[in-house]
>>> print(open('protein25.pdb').read())   # PDB, C-alpha atoms
ATOM      1  CA  MET I 118     -28.573 -22.955  -0.809
ATOM      2  CA  THR I 119     -28.359 -22.335   2.916
ATOM      3  CA  VAL I 120     -26.235 -19.738   4.672
ATOM      4  CA  LEU I 121     -23.945 -22.466   6.011
ATOM      5  CA  GLU I 122     -23.297 -23.748   2.490
ATOM      6  CA  LEU I 123     -22.450 -20.211   1.329
ATOM      7  CA  VAL I 124     -20.013 -19.765   4.203
ATOM      8  CA  LYS I 125     -18.342 -23.078   3.406
ATOM      9  CA  LEU I 126     -18.100 -22.084  -0.258
ATOM     10  CA  ALA I 127     -16.487 -18.753   0.657
ATOM     11  CA  ILE I 128     -13.959 -20.484   2.930
ATOM     12  CA  ALA I 129     -13.089 -22.949   0.175
ATOM     13  CA  TYR I 130     -12.638 -20.072  -2.260
ATOM     14  CA  PHE I 131     -10.232 -18.250   0.054
ATOM     15  CA  ARG I 132      -8.282 -21.484   0.587
ATOM     16  CA  CYS I 133      -8.032 -21.795  -3.190
ATOM     17  CA  LEU I 134      -6.626 -18.254  -3.409
ATOM     18  CA  MET I 135      -4.098 -19.148  -0.724
ATOM     19  CA  PHE I 136      -3.072 -22.263  -2.646
ATOM     20  CA  GLN I 137      -2.633 -20.298  -5.893
ATOM     21  CA  ALA I 138      -0.502 -17.675  -4.147
ATOM     22  CA  ALA I 139       1.632 -20.365  -2.503
ATOM     23  CA  THR I 140       2.125 -22.167  -5.805
ATOM     24  CA  ILE I 141       3.380 -18.971  -7.435
ATOM     25  CA  ALA I 142       5.657 -18.224  -4.461
ATOM     26  CA  GLY I 143       6.916 -21.807  -4.342
ATOM     27  CA  ILE I 144       6.095 -22.367  -0.670
ATOM     28  CA  SER I 145       3.554 -24.397   1.293
ATOM     29  CA  TRP I 146       0.047 -22.950   1.362
ATOM     30  CA  LEU I 147      -0.116 -23.781   5.055
ATOM     31  CA  ARG I 148       2.241 -20.878   5.751
ATOM     32  CA  PHE I 149      -0.438 -18.387   4.690
ATOM     33  CA  GLY I 150      -2.890 -17.016   7.230
ATOM     34  CA  PHE I 151      -6.598 -17.146   6.498
ATOM     35  CA  THR I 152      -7.269 -13.778   8.129
ATOM     36  CA  SER I 153      -4.497 -12.044   6.196
ATOM     37  CA  THR I 154      -5.912 -13.505   2.973
ATOM     38  CA  LEU I 155      -9.357 -12.235   3.923
ATOM     39  CA  SER I 156      -7.917  -8.797   4.739
ATOM     40  CA  SER I 157      -6.189  -8.624   1.349
ATOM     41  CA  PHE I 158      -9.464  -9.502  -0.354
ATOM     42  CA  ARG I 159     -11.392  -6.871   1.619
ATOM     43  CA  ARG I 160      -8.843  -4.162   0.753
ATOM     44  CA  GLY I 161      -8.966  -4.995  -2.941
ATOM     45  CA  ILE I 162     -12.690  -5.592  -3.395
ATOM     46  CA  ALA I 163     -13.208  -1.973  -4.518
ATOM     47  CA  ASP I 164     -11.240  -2.809  -7.684
ATOM     48  CA  PHE I 165     -13.640  -5.629  -8.608
ATOM     49  CA  HIS I 166     -15.982  -4.814 -11.508
ATOM     50  CA  PRO I 167     -18.835  -7.255 -12.137
ATOM     51  CA  GLY I 168     -19.262  -8.068 -15.798
ATOM     52  CA  GLN I 169     -15.814  -6.915 -16.878
ATOM     53  CA  GLN I 170     -13.767 -10.055 -17.323
ATOM     54  CA  ARG I 171     -10.520  -8.342 -18.308
ATOM     55  CA  ALA I 172     -10.588  -6.016 -15.291
ATOM     56  CA  ASN I 173     -11.410  -8.918 -12.983
ATOM     57  CA  THR I 174      -8.530 -10.999 -14.318
ATOM     58  CA  LEU I 175      -6.220  -8.142 -13.358
ATOM     59  CA  PHE I 176      -7.963  -7.882  -9.977
ATOM     60  CA  PHE I 177      -7.370 -11.551  -9.177
ATOM     61  CA  SER I 178      -3.761 -11.373 -10.380
ATOM     62  CA  LYS I 179      -3.070  -8.434  -8.079
ATOM     63  CA  LEU I 180      -4.870 -10.164  -5.228
ATOM     64  CA  ILE I 181      -2.816 -13.341  -5.552
ATOM     65  CA  ILE I 182       0.407 -11.328  -5.654
ATOM     66  CA  GLU I 183      -0.606  -9.401  -2.527
ATOM     67  CA  ILE I 184      -1.488 -12.568  -0.636
TER      68      ILE I 184
END
>>> encode(input="protein25.pdb", output="structure tokens")
Amino acid sequence: MTVLELVKLAIAYFRCLMFQAATIAGISWLRFGFTSTLSSFRRGIADFHPGQQRANTLFFSKLIIEI
């Protein structure tokens, strides 16, 4: 996998997070900013624990609420 493919995958993932947050809020996902979503992810990444599914579920729930 090339670097460009990884970047595209990361962008698609952040767009997916934006869509999930918009669905919960009941508004259009186009109203969310990509950079604010990225900032929320960067602030919360310290709470991510590889290999701990329960903790990561909570991490993603908090992240979507913050977005």
>>> axis_aligned_box(input="protein25.pdb", around="range 123-141 of chain I", padding_each_side="3 Å", output="AutoDock Vina command-line options")
--center_x -9.5 --center_y -20.4 --center_z -1.6 --size_x 31.8 --size_y 11.4 --size_z 17.6
>>> atom_distance(input="protein25.pdb", atom1="CA of Ser153 in chain I", atom2="CA of Ile184 in chain I")
7.5 Å
>>> residues_around(input="protein25.pdb", residues="range 140-148 of chain I", least_positions_apart="2", cutoff="12 Å", atoms="only C-alpha atoms", output="PyMOL selection string")
chain I and resi 131-138+150-151+153-154+178+181-184
>>> closest_residue(input="protein25.pdb", among="I:Leu180, I:Met118, I:Thr152, I:Ala129", to="Phe165 in chain I", atoms="only C-alpha atoms")
I:Leu180
>>> atom_distance(input="protein25.pdb", atom1="CA of Arg171 in chain I", atom2="CA of Lys125 in chain I")
27.4 Å
>>> atom_distance(input="protein25.pdb", atom1="CA of Ala127 in chain I", atom2="CA of Ser157 in chain I")
14.5 Å
>>> residues_around(input="protein25.pdb", residues="Phe176 in chain I", least_positions_apart="5", cutoff="10 Å", atoms="all atoms listed in the file", output="compact mmCIF listing (two decimals) with C-alpha atoms, in the coordinates of the input")
# COMPACT_ATOMS: atom_id res chain seq x y z
CA PHE I 158 -9.46 -9.50 -0.35
CA GLY I 161 -8.97 -5.00 -2.94
CA ILE I 162 -12.69 -5.59 -3.40
CA ALA I 163 -13.21 -1.97 -4.52
CA ASP I 164 -11.24 -2.81 -7.68
CA PHE I 165 -13.64 -5.63 -8.61
CA HIS I 166 -15.98 -4.81 -11.51
CA GLN I 170 -13.77 -10.06 -17.32
CA ARG I 171 -10.52 -8.34 -18.31
CA ILE I 181 -2.82 -13.34 -5.55
>>> decode(input="protein25.pdb", residues="range 144-156 of chain I", atoms="all heavy atoms", output="mmCIF file, in the first residue's frame")
data_model
loop_
_atom_site.group_PDB
_atom_site.id
_atom_site.type_symbol
_atom_site.label_atom_id
_atom_site.label_comp_id
_atom_site.auth_asym_id
_atom_site.auth_seq_id
_atom_site.Cartn_x
_atom_site.Cartn_y
_atom_site.Cartn_z
ATOM 1 N N ILE I 144 -28.199 16.459 11.668
ATOM 2 C CA ILE I 144 -27.921 17.539 10.726
ATOM 3 C C ILE I 144 -27.082 16.998 9.570
ATOM 4 O O ILE I 144 -26.631 15.865 9.600
ATOM 5 C CB ILE I 144 -27.189 18.715 11.407
ATOM 6 C CG1 ILE I 144 -25.869 18.243 12.025
ATOM 7 C CG2 ILE I 144 -28.057 19.375 12.443
ATOM 8 C CD1 ILE I 144 -25.049 19.353 12.627
ATOM 9 N N SER I 145 -26.864 17.833 8.564
ATOM 10 C CA SER I 145 -26.081 17.425 7.405
ATOM 11 C C SER I 145 -24.606 17.306 7.779
ATOM 12 O O SER I 145 -24.055 18.164 8.482
ATOM 13 C CB SER I 145 -26.230 18.450 6.284
ATOM 14 O OG SER I 145 -25.342 18.163 5.235
ATOM 15 N N TRP I 146 -23.950 16.269 7.271
ATOM 16 C CA TRP I 146 -22.537 16.079 7.575
ATOM 17 C C TRP I 146 -21.675 17.135 6.904
ATOM 18 O O TRP I 146 -20.538 17.361 7.297
ATOM 19 C CB TRP I 146 -22.079 14.681 7.198
ATOM 20 C CG TRP I 146 -21.973 14.440 5.725
ATOM 21 C CD1 TRP I 146 -22.963 14.072 4.880
ATOM 22 C CD2 TRP I 146 -20.803 14.571 4.932
ATOM 23 N NE1 TRP I 146 -22.495 13.963 3.616
ATOM 24 C CE2 TRP I 146 -21.159 14.258 3.610
ATOM 25 C CE3 TRP I 146 -19.485 14.911 5.199
ATOM 26 C CZ2 TRP I 146 -20.259 14.297 2.572
ATOM 27 C CZ3 TRP I 146 -18.582 14.948 4.157
ATOM 28 C CH2 TRP I 146 -18.965 14.635 2.860
ATOM 29 N N LEU I 147 -22.221 17.831 5.939
ATOM 30 C CA LEU I 147 -21.468 18.878 5.256
ATOM 31 C C LEU I 147 -21.244 20.104 6.138
ATOM 32 O O LEU I 147 -20.407 20.955 5.825
ATOM 33 C CB LEU I 147 -22.176 19.281 3.967
ATOM 34 C CG LEU I 147 -22.320 18.166 2.927
ATOM 35 C CD1 LEU I 147 -23.215 18.624 1.783
ATOM 36 C CD2 LEU I 147 -20.962 17.745 2.422
ATOM 37 N N ARG I 148 -21.970 20.198 7.236
ATOM 38 C CA ARG I 148 -21.811 21.324 8.148
ATOM 39 C C ARG I 148 -20.620 21.155 9.075
ATOM 40 O O ARG I 148 -20.245 22.086 9.785
ATOM 41 C CB ARG I 148 -23.084 21.513 8.967
ATOM 42 C CG ARG I 148 -24.262 21.903 8.081
ATOM 43 C CD ARG I 148 -25.484 22.194 8.877
ATOM 44 N NE ARG I 148 -25.232 23.349 9.751
ATOM 45 C CZ ARG I 148 -26.023 23.667 10.749
ATOM 46 N NH1 ARG I 148 -27.088 22.959 11.017
ATOM 47 N NH2 ARG I 148 -25.758 24.708 11.496
ATOM 48 N N PHE I 149 -20.022 19.967 9.088
ATOM 49 C CA PHE I 149 -18.867 19.699 9.936
ATOM 50 C C PHE I 149 -17.587 20.045 9.194
ATOM 51 O O PHE I 149 -17.471 19.805 8.003
ATOM 52 C CB PHE I 149 -18.810 18.223 10.345
ATOM 53 C CG PHE I 149 -19.864 17.831 11.326
ATOM 54 C CD1 PHE I 149 -21.086 17.366 10.897
ATOM 55 C CD2 PHE I 149 -19.630 17.943 12.679
ATOM 56 C CE1 PHE I 149 -22.060 17.012 11.790
ATOM 57 C CE2 PHE I 149 -20.602 17.587 13.589
ATOM 58 C CZ PHE I 149 -21.826 17.128 13.144
ATOM 59 N N GLY I 150 -16.618 20.598 9.913
ATOM 60 C CA GLY I 150 -15.338 20.920 9.310
ATOM 61 C C GLY I 150 -14.360 19.759 9.442
ATOM 62 O O GLY I 150 -14.289 19.104 10.488
ATOM 63 N N PHE I 151 -13.612 19.519 8.384
ATOM 64 C CA PHE I 151 -12.637 18.429 8.409
ATOM 65 C C PHE I 151 -11.536 18.706 9.425
ATOM 66 O O PHE I 151 -11.126 17.816 10.172
ATOM 67 C CB PHE I 151 -12.038 18.228 7.012
ATOM 68 C CG PHE I 151 -11.103 17.066 6.939
ATOM 69 C CD1 PHE I 151 -11.580 15.779 6.821
ATOM 70 C CD2 PHE I 151 -9.735 17.271 7.002
ATOM 71 C CE1 PHE I 151 -10.721 14.704 6.767
ATOM 72 C CE2 PHE I 151 -8.867 16.205 6.939
ATOM 73 C CZ PHE I 151 -9.361 14.918 6.821
ATOM 74 N N THR I 152 -11.065 19.948 9.486
ATOM 75 C CA THR I 152 -9.968 20.257 10.406
ATOM 76 C C THR I 152 -10.413 20.185 11.861
ATOM 77 O O THR I 152 -9.633 19.773 12.715
ATOM 78 C CB THR I 152 -9.364 21.642 10.106
ATOM 79 O OG1 THR I 152 -10.397 22.621 10.116
ATOM 80 C CG2 THR I 152 -8.666 21.646 8.767
ATOM 81 N N SER I 153 -11.648 20.556 12.151
ATOM 82 C CA SER I 153 -12.121 20.440 13.529
ATOM 83 C C SER I 153 -12.291 18.971 13.921
ATOM 84 O O SER I 153 -12.038 18.594 15.064
ATOM 85 C CB SER I 153 -13.428 21.206 13.732
ATOM 86 O OG SER I 153 -14.452 20.665 12.934
ATOM 87 N N THR I 154 -12.691 18.138 12.962
ATOM 88 C CA THR I 154 -12.786 16.701 13.219
ATOM 89 C C THR I 154 -11.400 16.127 13.488
ATOM 90 O O THR I 154 -11.206 15.347 14.418
ATOM 91 C CB THR I 154 -13.425 15.978 12.019
ATOM 92 O OG1 THR I 154 -14.718 16.522 11.797
ATOM 93 C CG2 THR I 154 -13.537 14.492 12.264
ATOM 94 N N LEU I 155 -10.438 16.533 12.693
ATOM 95 C CA LEU I 155 -9.060 16.078 12.884
ATOM 96 C C LEU I 155 -8.515 16.548 14.229
ATOM 97 O O LEU I 155 -7.845 15.788 14.938
ATOM 98 C CB LEU I 155 -8.185 16.587 11.744
ATOM 99 C CG LEU I 155 -6.738 16.131 11.731
ATOM 100 C CD1 LEU I 155 -6.641 14.618 11.665
ATOM 101 C CD2 LEU I 155 -6.012 16.756 10.559
ATOM 102 N N SER I 156 -8.824 17.771 14.617
ATOM 103 C CA SER I 156 -8.368 18.295 15.912
ATOM 104 C C SER I 156 -8.974 17.507 17.071
ATOM 105 O O SER I 156 -8.285 17.203 18.049
ATOM 106 C CB SER I 156 -8.734 19.765 16.045
ATOM 107 O OG SER I 156 -8.061 20.528 15.094
#
